[in-house]
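**Student:** Sending over query_27.tsv (TSV, C-alpha atoms).
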chain	number	residue	atom	x	y	z
A	271	MET	CA	272.08	-62.76	163.84
A	272	LYS	CA	268.54	-62.95	165.22
A	273	LYS	CA	267.67	-59.97	163.01
A	274	VAL	CA	268.89	-61.79	159.88
A	275	LYS	CA	266.88	-64.92	160.71
A	276	THR	CA	263.81	-62.77	161.33
A	277	GLN	CA	264.28	-61.04	157.97
A	278	ILE	CA	264.53	-64.40	156.22
A	279	VAL	CA	261.27	-65.50	157.82
A	280	PHE	CA	259.56	-62.27	156.72
A	281	LEU	CA	260.88	-62.70	153.18
A	282	PHE	CA	259.42	-66.18	152.91
A	283	ALA	CA	256.21	-64.98	154.55
A	284	PHE	CA	255.90	-62.43	151.73
A	285	VAL	CA	256.02	-65.22	149.15
A	286	PHE	CA	253.48	-67.33	151.05
A	287	MET	CA	251.13	-64.38	151.55
A	288	ALA	CA	251.16	-63.72	147.82
A	289	ASN	CA	249.94	-67.26	147.22
A	290	ALA	CA	247.37	-67.09	150.01
A	291	GLN	CA	245.85	-63.96	148.47
A	292	LYS	CA	244.81	-65.89	145.36
A	293	GLN	CA	247.85	-64.89	143.36
A	294	PRO	CA	248.93	-67.24	140.60
A	295	ALA	CA	250.45	-70.48	141.92
A	296	THR	CA	253.81	-69.43	140.54
A	297	LEU	CA	255.38	-66.02	140.58
A	298	SER	CA	256.83	-64.48	137.44
A	299	ASN	CA	260.56	-64.62	136.82
A	300	ASN	CA	260.74	-60.90	137.54
A	301	GLN	CA	258.98	-61.37	140.89
A	302	MET	CA	261.28	-64.28	141.77
A	303	ALA	CA	264.30	-62.17	140.84
A	304	THR	CA	263.07	-59.30	143.01
A	305	VAL	CA	262.52	-61.63	145.98
A	306	MET	CA	265.99	-63.15	145.43
A	307	SER	CA	267.50	-59.67	145.41
A	308	LEU	CA	265.78	-58.92	148.73
A	309	PHE	CA	266.89	-62.27	150.13
A	310	VAL	CA	270.52	-61.57	149.18
A	311	THR	CA	270.32	-58.12	150.76
A	312	ASN	CA	268.98	-59.61	153.99
A	313	VAL	CA	271.54	-62.40	154.36
A	314	LYS	CA	274.51	-60.30	153.23
A	315	PRO	CA	275.37	-59.01	156.75
A	316	ALA	CA	276.26	-62.59	157.76
A	317	TYR	CA	278.94	-62.78	155.06
A	318	GLN	CA	282.60	-62.21	155.90
A	319	LYS	CA	284.99	-61.76	152.99
A	320	GLY	CA	286.89	-64.97	152.29
A	321	GLN	CA	284.57	-67.28	154.21
A	322	THR	CA	283.39	-70.54	152.70
A	323	TYR	CA	279.78	-71.38	151.95
A	324	LYS	CA	279.68	-73.80	154.90
A	325	GLU	CA	280.91	-71.05	157.26
A	326	PHE	CA	278.33	-68.65	155.84
A	327	GLU	CA	275.55	-71.21	156.27
A	328	LYS	CA	276.66	-71.98	159.84
A	329	THR	CA	276.64	-68.25	160.67
A	330	LEU	CA	273.06	-67.94	159.47
A	331	LEU	CA	271.57	-71.22	160.61
A	332	GLY	CA	273.67	-72.31	163.56
A	333	ASN	CA	272.95	-75.98	164.26
A	334	TRP	CA	269.73	-76.04	162.25
A	335	ASN	CA	269.79	-78.49	159.32
A	336	ASN	CA	268.91	-76.89	156.01
A	337	THR	CA	266.80	-78.62	153.38
A	338	PRO	CA	268.32	-79.37	149.96
A	339	GLU	CA	266.16	-76.63	148.43
A	340	GLY	CA	267.09	-74.18	151.18
A	341	SER	CA	270.77	-75.01	150.71
A	342	ALA	CA	270.51	-74.40	146.97
A	343	LEU	CA	268.82	-71.05	147.59
A	344	LEU	CA	271.36	-69.99	150.21
A	345	SER	CA	274.22	-71.19	148.03
A	346	LYS	CA	272.98	-69.02	145.16
A	347	ALA	CA	272.76	-66.04	147.52
A	348	PHE	CA	276.30	-66.78	148.72
A	349	GLU	CA	277.48	-66.87	145.11
A	350	TYR	CA	275.98	-63.44	144.42
A	351	ILE	CA	277.40	-61.94	147.61
A	352	SER	CA	280.89	-63.39	147.26
A	353	LYS	CA	281.10	-62.20	143.64
A	354	GLY	CA	279.79	-58.73	144.53
A	355	ILE	CA	276.79	-58.94	142.20
A	356	SER	CA	274.48	-55.94	142.58
A	357	SER	CA	270.75	-56.12	143.33
A	358	GLU	CA	270.05	-54.60	139.93
A	359	GLN	CA	272.09	-57.31	138.21
A	360	ILE	CA	270.30	-60.05	140.18
A	361	ILE	CA	266.91	-58.66	139.14
A	362	LYS	CA	268.07	-58.47	135.55
A	363	GLU	CA	269.56	-61.98	135.30
A	364	TYR	CA	268.18	-64.34	137.96
A	365	SER	CA	266.16	-67.24	136.53
A	366	GLY	CA	264.12	-67.94	139.66
A	367	LEU	CA	265.01	-71.63	139.81
A	368	GLU	CA	266.26	-71.89	143.42
A	369	MET	CA	263.56	-69.58	144.77
A	370	ALA	CA	260.82	-71.54	142.98
A	371	ASN	CA	262.17	-74.88	144.23
A	372	ALA	CA	262.38	-73.62	147.82
A	373	TYR	CA	258.85	-72.26	147.57
A	374	LYS	CA	257.48	-75.51	146.15
A	375	ALA	CA	259.24	-77.56	148.83
A	376	SER	CA	257.83	-75.36	151.58
A	377	THR	CA	254.27	-75.69	150.30
A	378	ASN	CA	254.58	-79.48	150.00
A	379	ALA	CA	255.82	-79.94	153.56
Just give me the structure of the file as structure tokens.
**Tutor:**
Amino acid sequence: MKKVKTQIVFLFAFVFMANAQKQPATLSNNQMATVMSLFVTNVKPAYQKGQTYKEFEKTLLGNWNNTPEGSALLSKAFEYISKGISSEQIIKEYSGLEMANAYKASTNA
């Protein structure tokens, strides 16, 4: 579980580093979709078939309270995992909405 939390931190660090290196303030939809695909891959080991979103969230976060934006992002990841959506399909179809909102919320904190 510690490994999954560490991977989540590194994933978000990647997004923040891109901004810190004078990248555009927003990432392209394709970049957001790629990051979402990586995020899903990294949280997938916490998923047990048949578990609810709340159980999945509790497995990942323990007693930590998630933000609304973080919950939306994790919920979208849960949706992809529980439906068996492939990384390729995520990259092809993901709009970037939840990832962009989580990013914006983290930079406004």
**Student:** Determine the nearest neighbour of A:Tyr373 from the options A:Lys324, A:Ser298, A:Gly340, A:Ser307, counting only C-alpha atoms.
**Tutor:**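 Nearest to A:Tyr373: A:Gly340.
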**Student:** Using atom CA of A:Leu308 and atom CA of A:Ala372 as the two end points, give the distance in Å to one decimal.
**Tutor:**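 Here the two named atoms are 15.1 Å from each other.
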**Student:** Take atom CA of A:Asn300 and atom CA of A:Gly366 and report the distance between them in Å, one decimal.
**Tutor:**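 Taking atom CA of A:Asn300 as the start and atom CA of A:Gly366 as the end point, the length is 8.1 Å.
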**Student:** Have a look at atom CA of A:Thr311 and atom CA of A:Asn333 and let me know their distance in Å, one decimal.
**Tutor:**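 Straight-line distance from atom CA of A:Thr311 to atom CA of A:Asn333 works out to 22.5 Å.
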**Student:** When you look at A:Tyr317 with a cut-off of 12 Å (counting only C-alpha atoms), what residues show up, excluding the ones that are within fewer than 4 positions of it in the same chain? I need them as a list in words.
**Tutor:** Met271, Val274, Val310, Thr311, Asn312, Val313, Gln321, Thr322, Tyr323, Lys324, Glu325, Phe326, Glu327, Lys328, Thr329, Leu330, Leu344, Ser345, Ala347, Phe348, Glu349, Tyr350, Ile351, Ser352, Lys353 and Gly354 of chain A
**Student:** Near A:Met369, counting only C-alpha atoms, which residues have an atom at most 7 Å away, once you skip same-chain residues fewer than 4 positions from it, shown as a PyMOL selection string?
**Tutor:** chain A and resi 302+306+343+373
**Student:** Would you mind listing what lies within 10 Å of A:Asn299 as a ChimeraX atom specification, with only C-alpha atoms counted and same-chain residues fewer than 5 positions away left out?
**Tutor:** /A:304-305,361-367,369-370
**Student:** When you count only C-alpha atoms, which of these residues is closest to A:Lys346: A:Leu331, A:Asn378, A:Ile360, A:Ala316?
**Tutor:**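 Comparing A:Leu331, A:Asn378, A:Ile360, A:Ala316 against A:Lys346, the winner is A:Ile360.
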**Student:** At a cut-off of 7 Å from (266.3, -78.1, 142.9) in the coordinates of the file, what residues are picked up using all atoms listed in the file, written as a list in words?
**Tutor:**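 The residues that fall inside the cut-off are Glu339, Ala342, Glu368 and Asn371 of chain A.
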**Student:** Find, counting only C-alpha atoms, the residue in A:Gly332, A:Phe309, A:Ala303, A:Thr377 that gets nearest to A:Gln359.
**Tutor:**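 For A:Gln359, the nearest of the candidates is A:Ala303.
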